[in-house]
>>> print(open('structure-v7.tsv').read())   # TSV, C-alpha atoms
chain	number	residue	atom	x	y	z
A	1	MET	CA	-35.54	118.32	-69.88
A	2	PHE	CA	-36.13	119.72	-73.35
A	3	LEU	CA	-39.62	120.90	-72.39
A	4	THR	CA	-38.24	123.05	-69.57
A	5	LEU	CA	-35.50	124.30	-71.89
A	6	GLU	CA	-38.08	125.35	-74.48
A	7	ILE	CA	-40.17	127.14	-71.84
A	8	THR	CA	-37.03	128.96	-70.67
A	9	GLU	CA	-36.12	130.07	-74.19
A	10	ILE	CA	-39.64	131.30	-74.92
A	11	LEU	CA	-39.81	133.30	-71.70
A	12	LEU	CA	-36.38	134.82	-72.28
A	13	ALA	CA	-37.17	135.77	-75.88
A	14	ILE	CA	-40.47	137.41	-74.92
A	15	GLY	CA	-38.80	139.11	-71.96
A	16	ASN	CA	-36.00	140.53	-74.11
A	17	PHE	CA	-38.48	141.94	-76.62
A	18	ARG	CA	-40.56	143.52	-73.85
A	19	VAL	CA	-37.52	145.07	-72.13
A	20	ALA	CA	-36.24	146.40	-75.46
A	21	HIS	CA	-39.54	148.24	-75.89
A	22	GLY	CA	-39.46	149.81	-72.45
A	23	ASP	CA	-41.64	147.37	-70.51
A	24	THR	CA	-40.88	145.88	-67.09
A	25	PRO	CA	-38.47	142.93	-66.96
A	26	TRP	CA	-40.71	140.56	-64.97
A	27	ILE	CA	-40.99	138.04	-67.84
A	28	LEU	CA	-37.22	138.14	-68.22
A	29	HIS	CA	-36.88	137.33	-64.52
A	30	ALA	CA	-39.37	134.47	-64.90
A	31	GLY	CA	-37.22	133.15	-67.74
A	32	GLY	CA	-34.19	133.26	-65.47
A	33	TRP	CA	-35.98	131.24	-62.80
A	34	ALA	CA	-37.15	128.79	-65.46
A	35	GLY	CA	-33.50	128.46	-66.48
A	36	ILE	CA	-32.61	127.49	-62.92
A	37	VAL	CA	-35.36	124.85	-62.98
A	38	THR	CA	-34.00	123.63	-66.33
A	39	ALA	CA	-30.52	123.29	-64.82
A	40	ALA	CA	-31.90	121.27	-61.90
A	41	VAL	CA	-33.80	118.96	-64.27
A	42	ALA	CA	-30.68	118.53	-66.42
A	43	TRP	CA	-28.55	117.64	-63.39
A	44	TYR	CA	-31.11	115.06	-62.24
A	45	THR	CA	-31.40	113.57	-65.72
A	46	SER	CA	-27.63	113.31	-66.01
A	47	ALA	CA	-27.26	111.76	-62.56
A	48	ALA	CA	-30.04	109.28	-63.33
A	49	GLY	CA	-28.34	108.28	-66.58
A	50	VAL	CA	-25.05	107.59	-64.81
A	51	ALA	CA	-26.53	105.87	-61.74
A	52	ASN	CA	-29.02	103.77	-63.69
A	53	GLY	CA	-26.35	102.79	-66.20
A	54	MET	CA	-24.14	101.38	-63.46
A	55	SER	CA	-26.86	99.35	-61.75
A	56	PRO	CA	-28.97	96.45	-63.05
A	57	THR	CA	-32.07	98.07	-61.53
A	58	ALA	CA	-33.19	101.67	-61.80
A	59	ILE	CA	-31.98	103.77	-58.86
A	60	LEU	CA	-33.31	107.17	-59.92
A	61	PRO	CA	-36.67	107.02	-61.72
A	62	VAL	CA	-36.97	108.94	-64.96
A	63	GLY	CA	-40.31	107.65	-66.26
A	64	ARG	CA	-41.11	105.00	-68.79
A	65	PRO	CA	-40.54	105.22	-72.54
A	66	LEU	CA	-43.23	106.70	-74.76
A	67	TRP	CA	-43.47	103.35	-76.55
A	68	ASP	CA	-42.12	99.93	-75.62
A	69	ARG	CA	-40.50	99.14	-78.95
A	70	LEU	CA	-39.75	100.92	-82.19
A	71	PRO	CA	-42.66	101.56	-84.55
A	72	ILE	CA	-43.11	98.89	-87.21
A	73	PHE	CA	-42.13	101.25	-90.04
A	74	SER	CA	-38.66	101.82	-88.62
A	75	GLN	CA	-38.04	98.06	-88.39
A	76	LEU	CA	-38.84	97.26	-92.00
A	77	GLY	CA	-35.72	96.98	-94.11
A	78	SER	CA	-33.47	98.11	-91.29
A	79	PRO	CA	-29.79	97.20	-91.74
A	80	MET	CA	-29.38	96.87	-87.97
A	81	PRO	CA	-30.11	93.43	-86.52
A	82	ARG	CA	-32.87	93.47	-83.92
A	83	ARG	CA	-33.00	91.24	-80.88
A	84	THR	CA	-35.95	88.84	-80.98
A	85	GLU	CA	-37.23	87.19	-77.84
A	86	ALA	CA	-38.84	83.80	-78.31
>>> encode(input="structure-v7.tsv", output="structure tokens")
Amino acid sequence: MFLTLEITEILLAIGNFRVAHGDTPWILHAGGWAGIVTAAVAWYTSAAGVANGMSPTAILPVGRPLWDRLPIFSQLGSPMPRRTEA
């Protein structure tokens, strides 16, 4: 979701600068369409969070985590107890 949001912001910033200097607003329009895509992605992500949180199995796929567990450096000296599977 944040990737599409960043693309939207970049397109809108470039489009505003170009329109302010008398250029055509086509990049600004592309930023608007990217904003609509961002809204759709945000709605799906939110719905997946709610639906998957209520069910023991994933209903709406959102992809797998970038890593399976926290990096070793964040576990060293952590005040939070970690679950250990034997």
>>> atom_distance(input="structure-v7.tsv", atom1="CA of Ser46 in chain A", atom2="CA of Pro61 in chain A")
11.8 Å
>>> residues_around(input="structure-v7.tsv", residues="Trp26 in chain A", least_positions_apart="6", cutoff="10 Å", atoms="all atoms listed in the file", output="number ranges by chain")
A: 11, 15, 18-19, 32
>>> atom_distance(input="structure-v7.tsv", atom1="CA of Ala51 in chain A", atom2="CA of Ala34 in chain A")
25.5 Å
>>> axis_aligned_box(input="structure-v7.tsv", around="range 50-60 of chain A", padding_each_side="4 Å", output="lines of an AutoDock Vina configuration file")
center_x = -28.7
center_y = 102.0
center_z = -62.5
size_x = 17.2
size_y = 19.1
size_z = 15.3
